[in-house]
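Shown next: coords-v2.pdb, given as PDB, C-alpha atoms.
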```pdb
ATOM      1  CA  MET I   1      52.851  27.096  22.759
ATOM      2  CA  ASP I   2      50.760  29.730  20.979
ATOM      3  CA  THR I   3      47.106  29.552  20.047
ATOM      4  CA  LEU I   4      47.672  28.797  16.348
ATOM      5  CA  THR I   5      49.899  25.817  17.122
ATOM      6  CA  CYS I   6      47.338  24.414  19.567
ATOM      7  CA  ALA I   7      44.597  24.915  16.962
ATOM      8  CA  LEU I   8      46.618  23.042  14.313
ATOM      9  CA  GLU I   9      47.260  20.228  16.756
ATOM     10  CA  LEU I  10      43.609  19.933  17.769
ATOM     11  CA  LEU I  11      42.365  20.175  14.169
ATOM     12  CA  GLY I  12      44.842  17.532  13.047
ATOM     13  CA  MET I  13      43.702  15.151  15.782
ATOM     14  CA  LEU I  14      40.001  15.625  15.008
ATOM     15  CA  VAL I  15      40.580  15.091  11.285
ATOM     16  CA  TYR I  16      42.724  12.064  12.137
ATOM     17  CA  VAL I  17      39.925  10.337  14.062
ATOM     18  CA  GLY I  18      37.292  11.220  11.450
ATOM     19  CA  ALA I  19      39.493   9.962   8.607
ATOM     20  CA  TRP I  20      40.174   6.701  10.439
ATOM     21  CA  LEU I  21      36.424   6.176  10.856
ATOM     22  CA  CYS I  22      36.017   6.752   7.096
ATOM     23  CA  ALA I  23      38.651   4.108   6.409
ATOM     24  CA  LEU I  24      36.859   1.716   8.785
ATOM     25  CA  ALA I  25      33.528   2.327   7.047
ATOM     26  CA  THR I  26      35.196   1.714   3.692
ATOM     27  CA  THR I  27      36.660  -1.588   4.873
ATOM     28  CA  ILE I  28      33.397  -3.067   6.147
ATOM     29  CA  SER I  29      31.155  -1.609   3.430
ATOM     30  CA  PRO I  30      29.911  -4.003   0.710
ATOM     31  CA  GLN I  31      29.594  -1.177  -1.835
ATOM     32  CA  TRP I  32      33.060  -1.201  -3.350
ATOM     33  CA  LEU I  33      31.658  -2.055  -6.779
ATOM     34  CA  THR I  34      28.077  -2.073  -8.018
ATOM     35  CA  MET I  35      26.445  -3.680 -11.042
ATOM     36  CA  SER I  36      22.939  -3.586 -12.530
ATOM     37  CA  THR I  37      21.642  -5.511 -15.518
ATOM     38  CA  GLU I  38      19.027  -4.696 -18.119
ATOM     39  CA  LEU I  39      17.618  -8.223 -17.862
ATOM     40  CA  LEU I  40      16.807  -7.711 -14.175
ATOM     41  CA  PRO I  41      16.294  -3.972 -13.706
ATOM     42  CA  VAL I  42      14.714  -4.472 -10.286
ATOM     43  CA  GLU I  43      17.921  -5.961  -8.877
ATOM     44  CA  SER I  44      21.458  -4.711  -8.524
ATOM     45  CA  TYR I  45      24.587  -6.314  -7.158
ATOM     46  CA  GLU I  46      27.192  -5.005  -4.734
ATOM     47  CA  LEU I  47      30.719  -6.283  -4.239
ATOM     48  CA  GLY I  48      32.667  -5.757  -1.018
ATOM     49  CA  LEU I  49      35.811  -7.078   0.607
ATOM     50  CA  TRP I  50      33.965  -9.502   2.845
ATOM     51  CA  GLU I  51      30.639 -10.233   1.147
ATOM     52  CA  THR I  52      28.469  -9.740  -1.932
ATOM     53  CA  CYS I  53      24.934  -8.400  -1.782
ATOM     54  CA  VAL I  54      21.824  -8.380  -3.942
ATOM     55  CA  VAL I  55      19.685  -5.238  -3.647
ATOM     56  CA  GLN I  56      16.084  -5.160  -4.810
ATOM     57  CA  ASP I  57      14.072  -2.065  -5.669
ATOM     58  CA  VAL I  58      11.354  -3.032  -3.220
ATOM     59  CA  GLY I  59      13.860  -2.627  -0.389
ATOM     60  CA  GLY I  60      15.133  -6.173   0.022
ATOM     61  CA  LEU I  61      18.801  -6.807   0.739
ATOM     62  CA  GLU I  62      20.512 -10.173   0.863
ATOM     63  CA  CYS I  63      24.230 -10.529   1.540
ATOM     64  CA  ARG I  64      26.438 -13.593   1.533
ATOM     65  CA  ALA I  65      29.981 -13.836   2.840
ATOM     66  CA  TYR I  66      32.711 -15.418   0.757
ATOM     67  CA  ASP I  67      32.971 -19.140   1.328
ATOM     68  CA  SER I  68      36.736 -19.523   0.988
ATOM     69  CA  LEU I  69      39.696 -17.234   1.495
ATOM     70  CA  LEU I  70      41.819 -19.113  -1.042
ATOM     71  CA  GLY I  71      39.148 -18.748  -3.697
ATOM     72  CA  LEU I  72      39.221 -14.948  -3.624
ATOM     73  CA  SER I  73      40.703 -12.968  -6.465
ATOM     74  CA  THR I  74      44.067 -11.273  -6.087
ATOM     75  CA  ASN I  75      42.415  -7.851  -6.060
ATOM     76  CA  LEU I  76      40.255  -8.670  -3.049
ATOM     77  CA  LYS I  77      43.124 -10.310  -1.149
ATOM     78  CA  LEU I  78      45.373  -7.310  -1.713
ATOM     79  CA  ALA I  79      42.616  -4.873  -0.763
ATOM     80  CA  ARG I  80      41.871  -6.766   2.445
ATOM     81  CA  ILE I  81      45.508  -6.834   3.521
ATOM     82  CA  LEU I  82      46.181  -3.175   2.780
ATOM     83  CA  MET I  83      42.960  -1.887   4.339
ATOM     84  CA  CYS I  84      43.553  -3.881   7.527
ATOM     85  CA  ALA I  85      47.139  -2.583   7.586
ATOM     86  CA  SER I  86      45.863   0.964   7.109
ATOM     87  CA  LEU I  87      43.465   0.630  10.042
ATOM     88  CA  THR I  88      46.160  -0.896  12.257
ATOM     89  CA  VAL I  89      48.755   1.773  11.458
ATOM     90  CA  GLY I  90      46.160   4.527  11.821
ATOM     91  CA  MET I  91      45.008   3.310  15.236
ATOM     92  CA  LEU I  92      48.628   3.006  16.364
ATOM     93  CA  GLY I  93      49.267   6.565  15.199
ATOM     94  CA  ILE I  94      46.273   7.865  17.154
ATOM     95  CA  LEU I  95      47.412   6.077  20.327
ATOM     96  CA  VAL I  96      50.937   7.458  19.912
ATOM     97  CA  ALA I  97      49.841  11.023  19.107
ATOM     98  CA  ILE I  98      47.364  11.447  21.976
ATOM     99  CA  PRO I  99      50.016  11.539  24.777
ATOM    100  CA  GLY I 100      51.962  14.076  22.720
ATOM    101  CA  LEU I 101      49.142  16.596  22.550
ATOM    102  CA  TYR I 102      49.797  19.869  24.351
ATOM    103  CA  MET I 103      46.363  19.645  26.009
ATOM    104  CA  ILE I 104      47.381  16.436  27.779
ATOM    105  CA  LYS I 105      48.860  17.588  31.079
ATOM    106  CA  SER I 106      51.954  15.434  31.307
ATOM    107  CA  CYS I 107      55.726  15.874  31.001
ATOM    108  CA  LYS I 108      55.829  19.660  31.218
ATOM    109  CA  ASP I 109      59.603  19.917  31.767
ATOM    110  CA  HIS I 110      62.028  20.559  28.935
ATOM    111  CA  GLU I 111      62.878  16.918  28.259
ATOM    112  CA  GLY I 112      59.211  15.951  28.553
ATOM    113  CA  SER I 113      58.262  18.640  26.034
ATOM    114  CA  ARG I 114      60.716  17.215  23.523
ATOM    115  CA  THR I 115      59.277  13.746  24.110
ATOM    116  CA  LYS I 116      55.721  15.010  23.527
ATOM    117  CA  LYS I 117      56.765  16.636  20.252
ATOM    118  CA  THR I 118      58.479  13.435  19.153
ATOM    119  CA  LEU I 119      55.346  11.403  19.887
ATOM    120  CA  THR I 120      53.191  13.848  17.947
ATOM    121  CA  ILE I 121      55.526  13.755  14.942
ATOM    122  CA  ILE I 122      55.586   9.942  14.968
ATOM    123  CA  GLY I 123      51.790   9.883  15.194
ATOM    124  CA  GLY I 124      51.538  12.276  12.248
ATOM    125  CA  LEU I 125      53.920  10.193  10.140
ATOM    126  CA  LEU I 126      51.956   7.048  10.940
ATOM    127  CA  GLY I 127      48.802   8.877   9.864
ATOM    128  CA  MET I 128      50.320   9.695   6.489
ATOM    129  CA  VAL I 129      51.451   6.088   6.038
ATOM    130  CA  SER I 130      47.940   4.924   6.931
ATOM    131  CA  GLY I 131      46.479   7.280   4.326
ATOM    132  CA  VAL I 132      48.752   5.938   1.604
ATOM    133  CA  LEU I 133      47.878   2.353   2.548
ATOM    134  CA  CYS I 134      44.198   3.256   2.289
ATOM    135  CA  LEU I 135      44.497   4.975  -1.090
ATOM    136  CA  ILE I 136      46.382   2.117  -2.775
ATOM    137  CA  PRO I 137      43.651  -0.592  -2.676
ATOM    138  CA  VAL I 138      40.841   1.893  -3.343
ATOM    139  CA  SER I 139      42.605   3.330  -6.390
ATOM    140  CA  TYR I 140      43.634  -0.127  -7.596
ATOM    141  CA  MET I 141      40.069  -1.448  -7.454
ATOM    142  CA  ALA I 142      38.830   1.651  -9.276
ATOM    143  CA  HIS I 143      41.535   1.264 -11.928
ATOM    144  CA  SER I 144      40.636  -2.392 -12.427
ATOM    145  CA  ALA I 145      36.940  -1.506 -12.785
ATOM    146  CA  VAL I 146      37.743   1.133 -15.400
ATOM    147  CA  LEU I 147      39.864  -1.297 -17.430
ATOM    148  CA  HIS I 148      37.099  -3.909 -17.482
ATOM    149  CA  PHE I 149      34.410  -1.319 -18.199
ATOM    150  CA  PHE I 150      36.150  -0.075 -21.358
ATOM    151  CA  ASP I 151      37.422  -3.489 -22.485
ATOM    152  CA  ASP I 152      36.562  -3.832 -26.170
ATOM    153  CA  THR I 153      36.783  -7.608 -26.053
ATOM    154  CA  ILE I 154      33.741  -7.828 -23.783
ATOM    155  CA  PRO I 155      30.355  -7.561 -25.580
ATOM    156  CA  ASP I 156      28.265  -4.503 -24.770
ATOM    157  CA  VAL I 157      25.384  -6.615 -23.493
ATOM    158  CA  VAL I 158      27.543  -8.039 -20.684
ATOM    159  CA  PRO I 159      27.041  -6.060 -17.447
ATOM    160  CA  ARG I 160      30.059  -4.370 -15.929
ATOM    161  CA  TRP I 161      31.077  -3.344 -12.446
ATOM    162  CA  GLU I 162      30.994   0.369 -11.644
ATOM    163  CA  PHE I 163      32.212   2.534  -8.773
ATOM    164  CA  GLY I 164      30.438   2.068  -5.454
ATOM    165  CA  GLY I 165      30.072   4.499  -2.595
ATOM    166  CA  ALA I 166      32.832   2.803  -0.576
ATOM    167  CA  LEU I 167      35.474   3.871  -3.098
ATOM    168  CA  PHE I 168      34.642   7.554  -2.657
ATOM    169  CA  CYS I 169      34.580   7.133   1.111
ATOM    170  CA  GLY I 170      37.994   5.451   0.919
ATOM    171  CA  TRP I 171      39.457   8.247  -1.173
ATOM    172  CA  ALA I 172      38.170  10.814   1.309
ATOM    173  CA  GLY I 173      39.506   8.849   4.274
ATOM    174  CA  GLY I 174      42.928   8.338   2.695
ATOM    175  CA  PHE I 175      43.407  11.994   1.772
ATOM    176  CA  LEU I 176      42.179  13.160   5.187
ATOM    177  CA  LEU I 177      44.599  10.800   6.931
ATOM    178  CA  ILE I 178      47.466  12.364   5.006
ATOM    179  CA  VAL I 179      46.186  15.870   5.749
ATOM    180  CA  SER I 180      45.836  15.106   9.457
ATOM    181  CA  GLY I 181      49.390  13.777   9.582
ATOM    182  CA  LEU I 182      50.691  16.914   7.896
ATOM    183  CA  LEU I 183      48.796  19.089  10.388
ATOM    184  CA  LEU I 184      50.300  17.271  13.363
ATOM    185  CA  VAL I 185      53.829  17.420  11.980
ATOM    186  CA  THR I 186      53.414  21.094  11.052
ATOM    187  CA  SER I 187      52.210  21.973  14.545
ATOM    188  CA  CYS I 188      55.326  20.379  16.050
ATOM    189  CA  LEU I 189      57.738  21.973  13.585
ATOM    190  CA  ARG I 190      56.130  25.353  14.180
ATOM    191  CA  SER I 191      56.594  25.024  17.935
ATOM    192  CA  GLN I 192      60.299  24.220  17.634
ATOM    193  CA  VAL I 193      61.159  27.916  17.675
ATOM    194  CA  GLU I 194      59.189  29.358  20.576
ATOM    195  CA  PRO I 195      59.592  32.991  21.632
ATOM    196  CA  GLN I 196      61.291  33.412  25.004
ATOM    197  CA  PRO I 197      59.340  35.023  27.808
ATOM    198  CA  VAL I 198      59.702  38.761  28.206
ATOM    199  CA  VAL I 199      61.313  38.393  31.641
ATOM    200  CA  GLN I 200      64.061  36.150  30.278
ATOM    201  CA  GLN I 201      64.683  38.543  27.404
ATOM    202  CA  ARG I 202      65.016  41.494  29.782
ATOM    203  CA  TYR I 203      67.313  39.511  32.079
ATOM    204  CA  ARG I 204      69.557  38.578  29.164
ATOM    205  CA  ALA I 205      69.610  42.166  27.952
ATOM    206  CA  MET I 206      70.628  43.350  31.450
ATOM    207  CA  ASN I 207      73.468  40.810  31.588
ATOM    208  CA  ILE I 208      74.721  41.924  28.188
ATOM    209  CA  ASP I 209      74.593  45.584  29.307
ATOM    210  CA  VAL I 210      76.494  44.848  32.555
ATOM    211  CA  ASN I 211      79.193  42.890  30.738
ATOM    212  CA  PHE I 212      79.572  45.678  28.202
ATOM    213  CA  ARG I 213      80.005  48.256  30.978
ATOM    214  CA  LYS I 214      82.650  46.153  32.734
ATOM    215  CA  ARG I 215      84.611  45.825  29.506
ATOM    216  CA  SER I 216      84.336  49.573  28.944
ATOM    217  CA  GLU I 217      85.697  50.284  32.435
ATOM    218  CA  TYR I 218      88.710  48.037  31.910
ATOM    219  CA  VAL I 219      89.412  49.755  28.616
TER     220      VAL I 219
END
```
In structure tokens, what does this structure look like?
Amino acid sequence: MDTLTCALELLGMLVYVGAWLCALATTISPQWLTMSTELLPVESYELGLWETCVVQDVGGLECRAYDSLLGLSTNLKLARILMCASLTVGMLGILVAIPGLYMIKSCKDHEGSRTKKTLTIIGGLLGMVSGVLCLIPVSYMAHSAVLHFFDDTIPDVVPRWEFGGALFCGWAGGFLLIVSGLLLVTSCLRSQVEPQPVVQQRYRAMNIDVNFRKRSEYV
């Protein structure tokens, strides 16, 4: 395996782990949506998947977890399920891709090399699936916030939810998961056609030359 292929493989794995950590931070962060009111300018509210928080300008922070799972809105339920699925699939992809890395000294025979490439490809595909699962709830929550923000039926004096920092972190994590999966798959596809060693090429050329001479002598 050449240097460029190893570099793609290593870069894809590093981006994979970093993107998964971004998805984890997005899942546990309470800053999916934020809201501030003109009546209470010293306070702002934050909405997350697991809790809501009140932030004060003086530095105070008070968070409260949701009391009931059945009482949650459909948006939060869907976001919870998809984000947990994204983390699970992403972790599974990392565990599958690690044994397939070229730097891991295992299965160096021909059949073992094919197995390592297969594991790396499966890990890359799982990474792309994890990225899509992460982007869906983040984009859906953002879309819902935009619809409510520009709803003409709601009076202007009513406060509205706006984008929080967790949404941007989720977008970054989702796109990086897809990129990392593409890097891993590309590194394997690039290594499918490996140049033969010079000694084998010379040996094959000698065999072809000998066979050609024998045919010439018979003729």
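Within the 8 Å cut-off around range 175-190 of chain I, using only C-alpha atoms and omitting residues fewer than 4 positions from it on the same chain, the listed residues are Thr5, Cys6, Leu8, Glu9, Leu11, Gly12, Met13, Val15, Tyr16, Ala19, Trp20, Lys117, Thr120, Ile121, Gly123, Gly124, Leu125, Leu126, Gly127, Met128, Val129, Ser130, Gly131, Val132, Leu135 and Trp171 of chain I.
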File dump, residues just selected, C-alpha atoms, as an mmCIF file, in the frame of the given file:
```cif
data_model
loop_
_atom_site.group_PDB
_atom_site.id
_atom_site.type_symbol
_atom_site.label_atom_id
_atom_site.label_comp_id
_atom_site.auth_asym_id
_atom_site.auth_seq_id
_atom_site.Cartn_x
_atom_site.Cartn_y
_atom_site.Cartn_z
ATOM 1 C CA THR I 5 49.899 25.817 17.122
ATOM 2 C CA CYS I 6 47.338 24.414 19.567
ATOM 3 C CA LEU I 8 46.618 23.042 14.313
ATOM 4 C CA GLU I 9 47.260 20.228 16.756
ATOM 5 C CA LEU I 11 42.365 20.175 14.169
ATOM 6 C CA GLY I 12 44.842 17.532 13.047
ATOM 7 C CA MET I 13 43.702 15.151 15.782
ATOM 8 C CA VAL I 15 40.580 15.091 11.285
ATOM 9 C CA TYR I 16 42.724 12.064 12.137
ATOM 10 C CA ALA I 19 39.493 9.962 8.607
ATOM 11 C CA TRP I 20 40.174 6.701 10.439
ATOM 12 C CA LYS I 117 56.765 16.636 20.252
ATOM 13 C CA THR I 120 53.191 13.848 17.947
ATOM 14 C CA ILE I 121 55.526 13.755 14.942
ATOM 15 C CA GLY I 123 51.790 9.883 15.194
ATOM 16 C CA GLY I 124 51.538 12.276 12.248
ATOM 17 C CA LEU I 125 53.920 10.193 10.140
ATOM 18 C CA LEU I 126 51.956 7.048 10.940
ATOM 19 C CA GLY I 127 48.802 8.877 9.864
ATOM 20 C CA MET I 128 50.320 9.695 6.489
ATOM 21 C CA VAL I 129 51.451 6.088 6.038
ATOM 22 C CA SER I 130 47.940 4.924 6.931
ATOM 23 C CA GLY I 131 46.479 7.280 4.326
ATOM 24 C CA VAL I 132 48.752 5.938 1.604
ATOM 25 C CA LEU I 135 44.497 4.975 -1.090
ATOM 26 C CA TRP I 171 39.457 8.247 -1.173
#
```
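Straight-line separation from CA of Gly173 in chain I to CA of Leu147 in chain I: 24.0 Å.
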For Ala65 in chain I: contacts at 12 Å, only C-alpha atoms, fewer than 6 positions along chain excluded, given as a PDB file with C-alpha atoms, in the frame of the given file:
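Result file is selection-v7.pdb:
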```pdb
ATOM      1  CA  ILE I  28      33.397  -3.067   6.147  1.00  0.00           C
ATOM      2  CA  PRO I  30      29.911  -4.003   0.710  1.00  0.00           C
ATOM      3  CA  GLU I  46      27.192  -5.005  -4.734  1.00  0.00           C
ATOM      4  CA  LEU I  47      30.719  -6.283  -4.239  1.00  0.00           C
ATOM      5  CA  GLY I  48      32.667  -5.757  -1.018  1.00  0.00           C
ATOM      6  CA  LEU I  49      35.811  -7.078   0.607  1.00  0.00           C
ATOM      7  CA  TRP I  50      33.965  -9.502   2.845  1.00  0.00           C
ATOM      8  CA  GLU I  51      30.639 -10.233   1.147  1.00  0.00           C
ATOM      9  CA  THR I  52      28.469  -9.740  -1.932  1.00  0.00           C
ATOM     10  CA  CYS I  53      24.934  -8.400  -1.782  1.00  0.00           C
ATOM     11  CA  VAL I  54      21.824  -8.380  -3.942  1.00  0.00           C
ATOM     12  CA  LEU I  72      39.221 -14.948  -3.624  1.00  0.00           C
TER      13      LEU I  72
END
```
For the structure shown, which residues end up in the PyMOL selection byres ((chain I and resi 88) around 12)? Put them as a VMD selection string, please?
-> chain I and resid 20 23 to 24 81 to 87 89 to 95 126 to 127 129 to 131 133 to 134
Can you work out which one of I:Gly18, I:Pro159, I:Gly170, I:Gly165 has the shortest atom-to-atom distance to Ser139 in chain I, counting all atoms listed in the file?
->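 The answer is I:Gly170, which sits nearest to Ser139 in chain I.
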Could you check how far CA of Gly71 in chain I sits from CA of Phe150 in chain I, in Å to one decimal?
->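 We find that CA of Gly71 in chain I and CA of Phe150 in chain I lie 25.9 Å from each other.
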Using all atoms listed in the file, find all polymer residues with an atom at most 6 Å away from the point (21.8, -3.5, -11.1); report them as a ChimeraX atom specification.
-> /I:35-37,43-45
Shortest interatomic distance to Ala145 in chain I - which of I:Leu33, I:Val96, I:Leu76, I:Leu167, counting only C-alpha atoms = I:Leu33
For CA of Ala79 in chain I and CA of Trp32 in chain I, the interatomic separation in Å (one decimal) |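 Result for CA of Ala79 in chain I versus CA of Trp32 in chain I: 10.6 Å, one decimal.
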